[in-house]
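Here the structure is laid out as structure tokens; the discussion comes afterwards.
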2 protein chains.
Amino acid sequence: MVAIPTQKQRVTIRTVAEDAGVSVAAVSKVLRDAYGVSDALRGRVQASIAKLGYRPHAAARGMRGQTYTLGLLMPDLHNPFFADILEGVNTALQRSQYQPLLGVSDSAAGTELALIDAMADRQMDGIILIGSRLPINELERVASRIPIVVIAHHPIGEPDFDTVNNDDRLGATLVVQHLVAAGFKHVAYLSQELGAHNSDTMVTTQREIGYRAAMHEAGLSRNIQVVHAGQTSREAQNAARQMLEARHPPDAIFCWTDFIALEVLSVARDMGLDVPGDLAIVGYDNTWYCDLAQNALTSIDQSGQVLGLQAARLLIERIKGRTQAEHYVVTPRLVARRSTQPGS
Amino acid sequence: MVAIPTQKQRVTIRTVAEDAGVSVAAVSKVLRDAYGVSDALRGRVQASIAKLGYRPHAAARGMRGQTYTLGLLMPDLHNPFFADILEGVNTALQRSQYQPLLGVSDSAAGTELALIDAMADRQMDGIILIGSRLPINELERVASRIPIVVIAHHPIGEPDFDTVNNDDRLGATLVVQHLVAAGFKHVAYLSQELGAHNSDTMVTTQREIGYRAAMHEAGLSRNIQVVHAGQTSREAQNAARQMLEARHPPDAIFCWTDFIALEVLSVARDMGLDVPGDLAIVGYDNTWYCDLAQNALTSIDQSGQVLGLQAARLLIERIKGRTQAEHYVVTPRLVARRSTQPGS
DNA sequence: GTGAAAGCGCTAACAC
DNA sequence: GTGTTAGCGCTTTCAC
């Protein structure tokens, strides 16, 4: 056979080993910062790696050890709150070998499971689940296969995985207290449509608990009104319209997330209502558009960046071997804007 | 050695082969719909796969053939336009074996290259690049390593990769024509800050070309004003404020993307300007919040879903072997709302 | 139409 | 401290 001028050969761990005059095992150890390599050897290997532009082949790594890839599962891409979380994750992973890769489930439990499987098939070292719709036993099952950290899903009992949350009950309490202090009495809570698996693990349920307790505390138990609506524009707007056209409409609506609040604001505009004169509106997540003058939406800041950062930190700890579950909780804070402040 | 009750063994292609009473090669062929398997054998294998709940190990596949994973690279997660594109991609991949995995570059060319490398290391079969900041020669280099399709990056010359775009010049033309017809004469264009690699490949540049031509066409050459601003809230608002506080402010601002338009709207509100009485505002992408009553933003719909769908289709064709470049172009359409219609 | 077997690039025992 | 080597689960010739 004549030697055909072969197209550039892939640089493998073997190429590096030859170039540095060491064994493949030595190179592998350097790559993983494993125990038992001299500084001299490490130096030579690193020089060769740089010289040859070697990059580890993730699939090959995945066959034996880690892929240094973390899955990040989001419910959707329309809510900018998830962008904040991603920023936090990126910050945490900055100077590590880990690379996050995103999947989007479209808020469907079926798709979510399929994506988890897909990520497990692809040998992700761990997964961060954001706002999961899965029931707790399903999550336990997943956790037994692959390390997971769950954001925005409250631990009930002692689940076998880490969780990262803001204190949703407190968040809701802050909202009610703020509204009551501003003189509003008929505060309604516009929550998410309940799936088959409604439970206390859901952030919206926690917020409802906080809302009810705070209303009670304020002596407004009789004014408690909770409405559940879907995520689409139409569903949210219909729900808002129905509430506002009722015989005794609320004078304030607390929405479980900002973009629902924007839909409510839109309906209020359409109906010729003055915000906050006729109706106060509060959101949750304090996403960027709350600040726009046309929205000026009071909202609860739960610091998505911190949530993401902590989740990434916990996940890596898990991957490195921790088995004891940890539960991190952020304290939310209310950011007041014109939508609840008649004066401004 | 005593047989320890071993923990559940992974179901591999070998397990399936044994169960079905065939060879591993046969199973592999069934998995990939490869040529040369009888229907009977295929049936038996598929039954065993279902029975055992076998799932192919992506890393192992990646070592020899495909991983059936497509990378989707986005500039950021704040602009909901990218969510539309993802929906289109998902639709196209619905009933295929391919799974999309997302990366977010934060609009930085450096991060973008790093992510492309990361995806290549992870043996993605191909990558869809959305709104890439990379110069064309860099893209060519990437394309020679791995199949790519580029969304929102115009082909100049005959690049060696597929592109999917809307007709940005036409989109800008539609905007100017619409505004002129409504009586606006001082139409300014608020564009993106130019990076080091400004070029005709960028969608904002194409829109600028269309804008200039249309203004000229309308006999308004003297009123042409182009401003470049960064993506942050502060930068966008500062730029808008400067434009509007000038001696001869524009009576209409065409923004290169919706969320910049929302910032301009916010500034207008703050300054006490009436929209559209004192100032008309137009965005691009027709994202969901254009419809909200508080925004009512006229925008250009470039149909992100179609862009995503076509990109996925083209990428799979590429992966399957096509080498001739294709360039798909969507015709944009203007969606008029209150922000440009004094009457309504 | 079907199966045996080589080998993809890496990690981790284990030997030296 | 360093090197040798056996596989990980799959795809893909190449015999049969």
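Letters A, B, ... mark the chains of the structure tokens in the order given; residue numbers begin at 1 per chain; ligand numbers begin at 1, in order shown.
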Original post:
What are the residues of chain B that have an atom within 9 Å of an atom of chain A, counting only C-alpha atoms, as a PyMOL selection string?
Top reply: chain B and resi 55-63+67+69+76-84+86+99-104+115+117-118+120-123+233+262-263+265-270+288-289+291-295
Subject >> Contacts of stretch 34-46 of chain B at 8 Å (only C-alpha atoms (C1' of nucleotides); same-chain gap of 2+ positions) as JSON, numbers by chain >> reply: {"B": [16, 17, 20, 22, 26, 27, 29, 30, 31, 32, 48, 49, 50], "C": [1]}
**OP:** Provide as a PyMOL selection string the residues of chain C at most 8 Å from chain B, counting only C-alpha atoms (C1' of nucleotides).
**Re:** chain C and resi 1-3+8-9
Create the file for the chosen residues now, containing N, CA and C atoms (P, O5', C5', C4', C3', O3' and C1' of nucleotides) and written as a PDB file, in the first residue's frame.
ATOM      1  P    DG C   1     -31.267  -9.200   2.155  1.00  0.00           P
ATOM      2  O5'  DG C   1     -30.841 -10.423   3.105  1.00  0.00           O
ATOM      3  C5'  DG C   1     -31.733 -11.464   3.361  1.00  0.00           C
ATOM      4  C4'  DG C   1     -31.200 -12.234   4.537  1.00  0.00           C
ATOM      5  C3'  DG C   1     -31.164 -11.479   5.849  1.00  0.00           C
ATOM      6  O3'  DG C   1     -31.354 -12.443   6.889  1.00  0.00           O
ATOM      7  C1'  DG C   1     -28.959 -12.041   5.235  1.00  0.00           C
ATOM      8  P    DT C   2     -31.438 -12.095   8.416  1.00  0.00           P
ATOM      9  O5'  DT C   2     -29.984 -12.392   8.933  1.00  0.00           O
ATOM     10  C5'  DT C   2     -29.595 -13.762   9.104  1.00  0.00           C
ATOM     11  C4'  DT C   2     -28.168 -13.807   9.545  1.00  0.00           C
ATOM     12  C3'  DT C   2     -27.863 -13.105  10.868  1.00  0.00           C
ATOM     13  O3'  DT C   2     -27.619 -14.115  11.830  1.00  0.00           O
ATOM     14  C1'  DT C   2     -26.144 -12.786   9.254  1.00  0.00           C
ATOM     15  P    DG C   3     -27.176 -13.732  13.326  1.00  0.00           P
ATOM     16  O5'  DG C   3     -25.599 -13.833  13.191  1.00  0.00           O
ATOM     17  C5'  DG C   3     -25.019 -15.081  12.882  1.00  0.00           C
ATOM     18  C4'  DG C   3     -23.510 -14.972  12.935  1.00  0.00           C
ATOM     19  C3'  DG C   3     -22.949 -14.441  14.255  1.00  0.00           C
ATOM     20  O3'  DG C   3     -21.758 -15.163  14.525  1.00  0.00           O
ATOM     21  C1'  DG C   3     -22.235 -13.053  12.501  1.00  0.00           C
ATOM     22  P    DC C   8      -8.158   2.269  16.591  1.00  0.00           P
ATOM     23  O5'  DC C   8      -9.024   3.568  16.847  1.00  0.00           O
ATOM     24  C5'  DC C   8      -9.999   4.040  15.918  1.00  0.00           C
ATOM     25  C4'  DC C   8     -11.147   4.642  16.698  1.00  0.00           C
ATOM     26  C3'  DC C   8     -10.693   5.406  17.933  1.00  0.00           C
ATOM     27  O3'  DC C   8     -10.551   6.784  17.589  1.00  0.00           O
ATOM     28  C1'  DC C   8     -12.609   3.994  18.395  1.00  0.00           C
ATOM     29  P    DG C   9      -9.171   7.534  17.839  1.00  0.00           P
ATOM     30  O5'  DG C   9      -9.284   7.914  19.384  1.00  0.00           O
ATOM     31  C5'  DG C   9     -10.277   8.833  19.799  1.00  0.00           C
ATOM     32  C4'  DG C   9     -10.330   8.826  21.306  1.00  0.00           C
ATOM     33  C3'  DG C   9      -9.014   9.188  21.993  1.00  0.00           C
ATOM     34  O3'  DG C   9      -9.304  10.199  22.946  1.00  0.00           O
ATOM     35  C1'  DG C   9      -9.870   7.156  22.858  1.00  0.00           C
TER      36       DG C   9
END
Original post:
Residues at most 12 Å from B:Glu208, counting only C-alpha atoms (C1' of nucleotides), excluding those fewer than 3 positions away in the same chain, as number ranges by chain?
Top reply: B: 168-173, 175-176, 188-192, 199-205, 211-215, 224-228, 254-256
Original post:
Counting only C-alpha atoms (C1' of nucleotides), which residues from chain D have an atom at most 7 Å from any atom of chain A, and could you show them as a PyMOL selection string?
Top reply: chain D and resi 1+3+8
Go ahead and dump the residues you just picked, C-alpha atoms (C1' of nucleotides), as a PDB file, in the first residue's frame.
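What landed in result08.pdb:
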ATOM      1  C1'  DG D   1       6.283   7.637  40.191  1.00  0.00           C
ATOM      2  C1'  DG D   3       4.108   2.242  32.496  1.00  0.00           C
ATOM      3  C1'  DC D   8     -16.157   0.446  28.358  1.00  0.00           C
TER       4       DC D   8
END
Original post:
What is the distance, in Å and to one decimal place, between atom CA of A:Thr163 and atom CA of A:Ala229?
Top reply: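 Result for atom CA of A:Thr163 versus atom CA of A:Ala229: 26.2 Å, one decimal.
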**OP:** Excluding A:Ile130 and residues on its chain fewer than 2 positions from it, collect all residues at most 7 Å away from it, counting only C-alpha atoms (C1' of nucleotides), and give them as a VMD selection string.
**Re:** chain A and resid 73 to 75 128 132 150 to 152
With N, CA and C atoms retained, export the selected residues as a short mmCIF file (atom, residue, chain, number, x, y, z; two decimals), in the first residue's frame.
data_model
loop_
_atom_site.label_atom_id
_atom_site.label_comp_id
_atom_site.auth_asym_id
_atom_site.auth_seq_id
_atom_site.Cartn_x
_atom_site.Cartn_y
_atom_site.Cartn_z
N LEU A 73 -31.81 21.59 32.88
CA LEU A 73 -33.12 21.37 32.30
C LEU A 73 -34.05 22.51 32.65
N MET A 74 -34.55 23.22 31.64
CA MET A 74 -35.44 24.36 31.88
C MET A 74 -36.84 24.06 31.38
N PRO A 75 -37.83 24.66 32.02
CA PRO A 75 -39.21 24.46 31.57
C PRO A 75 -39.48 25.17 30.24
N ILE A 128 -29.06 19.58 36.57
CA ILE A 128 -29.77 20.55 37.37
C ILE A 128 -31.17 20.69 36.79
N SER A 132 -39.04 21.65 38.03
CA SER A 132 -39.50 20.36 37.53
C SER A 132 -40.98 20.12 37.80
N VAL A 150 -32.14 20.07 42.33
CA VAL A 150 -33.42 20.56 41.86
C VAL A 150 -33.63 22.00 42.32
N ILE A 151 -33.87 22.89 41.36
CA ILE A 151 -34.15 24.28 41.69
C ILE A 151 -35.65 24.51 41.60
N ALA A 152 -36.19 25.23 42.57
CA ALA A 152 -37.62 25.56 42.58
C ALA A 152 -38.49 24.33 42.68
#
Original post:
Residues of stretch 181-342 of chain B in helix (DSSP H, G or I) according to DSSP, as a ChimeraX atom specification?
Top reply: /B:181,203-217,221-223,233-245,258-270,288-291,304-319,338-340
Original post:
What are the DSSP strand (DSSP E) residues of stretch 128-317 of chain B, as JSON, numbers by chain?
Top reply: {"B": [128, 129, 130, 148, 149, 150, 151, 162, 163, 164, 165, 166, 187, 188, 189, 190, 191, 192, 225, 226, 227, 228, 229, 252, 253, 254, 255, 280, 281, 282, 283, 284, 298, 299, 300, 301]}
Once you have the residues from the selection above, write them out as a PDB file, in the first residue's frame, restricted to C-alpha atoms.
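The resulting file, out-v5.pdb, is reproduced below:
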ATOM      1  CA  ILE B 128     -26.927  25.236  14.407  1.00  0.00           C
ATOM      2  CA  LEU B 129     -25.420  28.644  15.056  1.00  0.00           C
ATOM      3  CA  ILE B 130     -27.872  31.422  15.787  1.00  0.00           C
ATOM      4  CA  ILE B 148     -23.049  23.624  10.628  1.00  0.00           C
ATOM      5  CA  VAL B 149     -26.073  25.637   9.622  1.00  0.00           C
ATOM      6  CA  VAL B 150     -26.068  29.312  10.401  1.00  0.00           C
ATOM      7  CA  ILE B 151     -29.200  31.284  11.244  1.00  0.00           C
ATOM      8  CA  ASP B 162     -25.810  26.442   4.836  1.00  0.00           C
ATOM      9  CA  THR B 163     -27.565  29.598   5.944  1.00  0.00           C
ATOM     10  CA  VAL B 164     -31.107  30.412   6.984  1.00  0.00           C
ATOM     11  CA  ASN B 165     -32.262  34.004   7.064  1.00  0.00           C
ATOM     12  CA  ASN B 166     -35.148  36.301   6.628  1.00  0.00           C
ATOM     13  CA  VAL B 187     -37.085  57.960  10.811  1.00  0.00           C
ATOM     14  CA  ALA B 188     -33.952  56.920  12.699  1.00  0.00           C
ATOM     15  CA  TYR B 189     -32.456  53.445  12.878  1.00  0.00           C
ATOM     16  CA  LEU B 190     -31.189  52.211  16.241  1.00  0.00           C
ATOM     17  CA  SER B 191     -28.775  49.397  15.508  1.00  0.00           C
ATOM     18  CA  GLN B 192     -26.484  47.100  17.384  1.00  0.00           C
ATOM     19  CA  GLN B 225     -29.808  58.772  11.125  1.00  0.00           C
ATOM     20  CA  VAL B 226     -28.150  55.576  12.312  1.00  0.00           C
ATOM     21  CA  VAL B 227     -27.169  55.041  15.936  1.00  0.00           C
ATOM     22  CA  HIS B 228     -25.339  52.075  17.366  1.00  0.00           C
ATOM     23  CA  ALA B 229     -25.920  50.967  20.945  1.00  0.00           C
ATOM     24  CA  ALA B 252     -39.838  57.586  14.566  1.00  0.00           C
ATOM     25  CA  ILE B 253     -37.239  55.080  15.745  1.00  0.00           C
ATOM     26  CA  PHE B 254     -36.766  51.731  14.070  1.00  0.00           C
ATOM     27  CA  CYS B 255     -35.026  49.367  16.514  1.00  0.00           C
ATOM     28  CA  ALA B 280     -43.381  56.140  16.570  1.00  0.00           C
ATOM     29  CA  ILE B 281     -41.470  52.996  17.521  1.00  0.00           C
ATOM     30  CA  VAL B 282     -40.903  49.818  15.549  1.00  0.00           C
ATOM     31  CA  GLY B 283     -39.159  46.624  16.588  1.00  0.00           C
ATOM     32  CA  TYR B 284     -38.045  43.458  14.860  1.00  0.00           C
ATOM     33  CA  THR B 298     -45.303  47.380  15.623  1.00  0.00           C
ATOM     34  CA  SER B 299     -42.740  44.811  14.579  1.00  0.00           C
ATOM     35  CA  ILE B 300     -41.431  42.694  11.737  1.00  0.00           C
ATOM     36  CA  ASP B 301     -42.303  39.039  11.909  1.00  0.00           C
TER      37      ASP B 301
END
Original post:
In Å, how far is it from atom CA of A:Gln177 to atom CA of A:Gly308?
Top reply: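 Atom CA of A:Gly308 lies at a distance of 28.0 Å from atom CA of A:Gln177.
Computed from the coordinates, the atom CA of B:Leu279 to atom CA of B:Leu244 distance equals 9.1 Å.
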Subject >> Counting only C-alpha atoms (C1' of nucleotides), the residue of A:Ser28, A:Ser303, A:Gly272, A:Lys51 that sits nearest C:DA12 >> reply: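 For C:DA12, the nearest of the candidates is A:Ser28.
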